[in-house]
Amino acid sequence: MTQNQAAWIMGSAEHPFNIQDAPYPTPGPGEVVIKNAAVAINPVDWKIQTYGAPWLGKWPFILGTDVAGVVVNVGPGVIRFTKGQRVVAYCHSLGSKDPANSGFQLYTLVKEITAAGIPDSISFEEAAVLPQAMSTAAAGLFLKESLDLPLPSASGVKPTGKSILIWGGASSVGTTTIQLAEAAGLTVITTASAHNHELVKSIGANAVFDYKSPTVVEDVASALASTDFVGVFDAISEPPSFEMVRAILDQMKADVRTISVQPYDKSTERFAPIFISSNFLTYDSNKHVADGIWRDFVAKALENGRLKPKPDPEVVGKGLEEIQDGVDTLKKGVSAKKIVVTL
């Protein structure tokens with residue numbers, strides 16, 4: 001019998017993780033079991049460990065939303081994946097509230113619709129940076145209730161003439177959003193620290209502005225003014241970014257949708273950010289978007305280079321016992337890097 005182990009969080013806002021045995025998952029219809037080779041850390045991991053998550057309602061629990069590894073079992077009806085295949089997947093445990101669907105363990109149970117094969121040219125560490133960012137970006141760009149943009153093409157599309165502002169382009173969500181928007185034919189205007197300008201340009205941004213510049217509001221508004229401006233994706237969604245985006249829209253008198261990755265409670269008639277979650281792609285009603293991204297885009301675009309796993313992984317250790325250090329490292333702050341632990 002194969003043994004599973006996990007880095008358990010024993011209670012809301014508990015530190016450190018506790019390495020213990022975990023149930024070995026059995027896949028149901030449309031599910032896949034992955035033997036994890038690399039897991040990535042996201043802000044939600046340290047925020048739950050720091051501030052708690054009363055909405056989860058069950059402890060102990062396992063965190064982690066990004067995994068890459070090898071398929072070891074598939075459930076009934078799964079036809080896209082076979083045992084031994086290298087894959088990357090989004091772990092939806094914060095929606096299902098089932099720790100079997102979490103990443104910080106040796107074996108994870110994931111949904112087929114939010115997994116993709118990875119080519120041999122991409123390492124597990126590289127692939128692990130993508131899942132939560134990919135599902136978050138897709139939810140904000142392509143769902144009907146968000147920006148409702150046309151799905152991206154792995155083989156490229158003609159420019160549509162439409163433009164988007166992506167605030168925080170060098171963040172994990174930002175780098176993926178830039179690439180998906182570019183692959184959907186949009187002109188991308190973004191912000192980043194000066195030392196990350198080349199990074200965001202290399203993955204598809206048409207223009208980038210330093211968010212610390214005293215003239216950033218005027219500069220961004222000017223860049224968007226003569227374009228067919230369709231919306232904003234705020235990949236940071238903290239008070240300073242909300243205020244900057246609101247100032248840009250006010251200056252432009254632009255009535256477009258703003259997508260946020262954190263809730264906003266000071267909405268006005270013009271500025272009412274729409275909060276989205278990576279978990280939205282696991283809903284049956286959004287399967288067309290999940291398929292358009294995870295089935296039709298990710299593997300092909302990784303293979304032909306249209307999708308680059310950015311930001312680069314920074315491996316901080318090997319083994320479940322190193323995940324706590326990874327979470328602590330991310331909490332302290334990183335720039336244009338994704339913290340990864342190998343297993």
# chains A, B, ... in the order shown; residues from 1 in each chain; ligands from 1
>>> residues_around(residues="region 120-136 of chain A", least_positions_apart="6", cutoff="8 Å", atoms="only C-alpha atoms", output="PyMOL selection string")
chain A and resi 37-40+65-69+88-91+114+172-174+176-177+261+276-281+290+302-303+309-313+315+338+340-342
>>> residues_around(residues="Lys266 (chain A)", least_positions_apart="4", cutoff="12 Å", atoms="only C-alpha atoms", output="PDB file with N, CA, C and O atoms, in the first residue's frame")
ATOM      1  N   PRO A 239      -4.686  48.283  -1.152  1.00  0.00           N
ATOM      2  CA  PRO A 239      -5.156  49.676  -1.170  1.00  0.00           C
ATOM      3  C   PRO A 239      -4.388  50.606  -2.114  1.00  0.00           C
ATOM      4  O   PRO A 239      -5.027  51.364  -2.860  1.00  0.00           O
ATOM      5  N   PHE A 242      -5.469  49.761  -5.788  1.00  0.00           N
ATOM      6  CA  PHE A 242      -6.861  50.161  -6.019  1.00  0.00           C
ATOM      7  C   PHE A 242      -6.960  51.676  -6.253  1.00  0.00           C
ATOM      8  O   PHE A 242      -7.669  52.132  -7.156  1.00  0.00           O
ATOM      9  N   GLU A 243      -6.252  52.447  -5.425  1.00  0.00           N
ATOM     10  CA  GLU A 243      -6.339  53.906  -5.537  1.00  0.00           C
ATOM     11  C   GLU A 243      -5.727  54.407  -6.845  1.00  0.00           C
ATOM     12  O   GLU A 243      -6.244  55.328  -7.476  1.00  0.00           O
ATOM     13  N   ARG A 246      -8.133  53.491  -9.702  1.00  0.00           N
ATOM     14  CA  ARG A 246      -9.305  54.372  -9.654  1.00  0.00           C
ATOM     15  C   ARG A 246      -8.949  55.760 -10.195  1.00  0.00           C
ATOM     16  O   ARG A 246      -9.734  56.370 -10.937  1.00  0.00           O
ATOM     17  N   ARG A 270     -18.393  54.321 -10.814  1.00  0.00           N
ATOM     18  CA  ARG A 270     -17.413  54.086 -11.879  1.00  0.00           C
ATOM     19  C   ARG A 270     -16.424  52.997 -11.505  1.00  0.00           C
ATOM     20  O   ARG A 270     -15.950  52.262 -12.382  1.00  0.00           O
ATOM     21  N   PHE A 271     -16.108  52.878 -10.238  1.00  0.00           N
ATOM     22  CA  PHE A 271     -15.041  51.961  -9.824  1.00  0.00           C
ATOM     23  C   PHE A 271     -15.597  50.937  -8.844  1.00  0.00           C
ATOM     24  O   PHE A 271     -15.718  51.200  -7.656  1.00  0.00           O
ATOM     25  N   ALA A 272     -15.947  49.777  -9.361  1.00  0.00           N
ATOM     26  CA  ALA A 272     -16.512  48.690  -8.550  1.00  0.00           C
ATOM     27  C   ALA A 272     -15.814  47.392  -8.942  1.00  0.00           C
ATOM     28  O   ALA A 272     -16.336  46.604  -9.736  1.00  0.00           O
ATOM     29  N   PRO A 273     -14.608  47.164  -8.435  1.00  0.00           N
ATOM     30  CA  PRO A 273     -13.845  45.978  -8.838  1.00  0.00           C
ATOM     31  C   PRO A 273     -14.631  44.685  -8.637  1.00  0.00           C
ATOM     32  O   PRO A 273     -15.343  44.508  -7.648  1.00  0.00           O
TER      33      PRO A 273
END
>>> residues_around(residues="Ser241 (chain A)", least_positions_apart="5", cutoff="8 Å", atoms="only C-alpha atoms", output="PyMOL selection string")
chain A and resi 167+234+236
>>> atom_distance(atom1="CA of Ala223 (chain A)", atom2="CA of Phe297 (chain A)")
29.3 Å
>>> residues_around(residues="Arg80 (chain A)", least_positions_apart="3", cutoff="10 Å", atoms="only C-alpha atoms", output="PyMOL selection string")
chain A and resi 30+74+77+112-113+115-117+295
>>> select_by_dssp(residues="region 164-300 of chain A", states="strand (DSSP E)", output="JSON, numbers by chain")
{"A": [164, 165, 166, 167, 187, 188, 189, 190, 191, 207, 208, 209, 228, 229, 230, 231, 232, 233, 234, 257, 258, 259, 260, 274, 275]}
>>> select_by_dssp(residues="region 127-306 of chain A", states="alpha helix (DSSP H)", output="ChimeraX atom specification")
/A:127,131-142,172-183,197-202,216-225,239-252,287-290,298-304
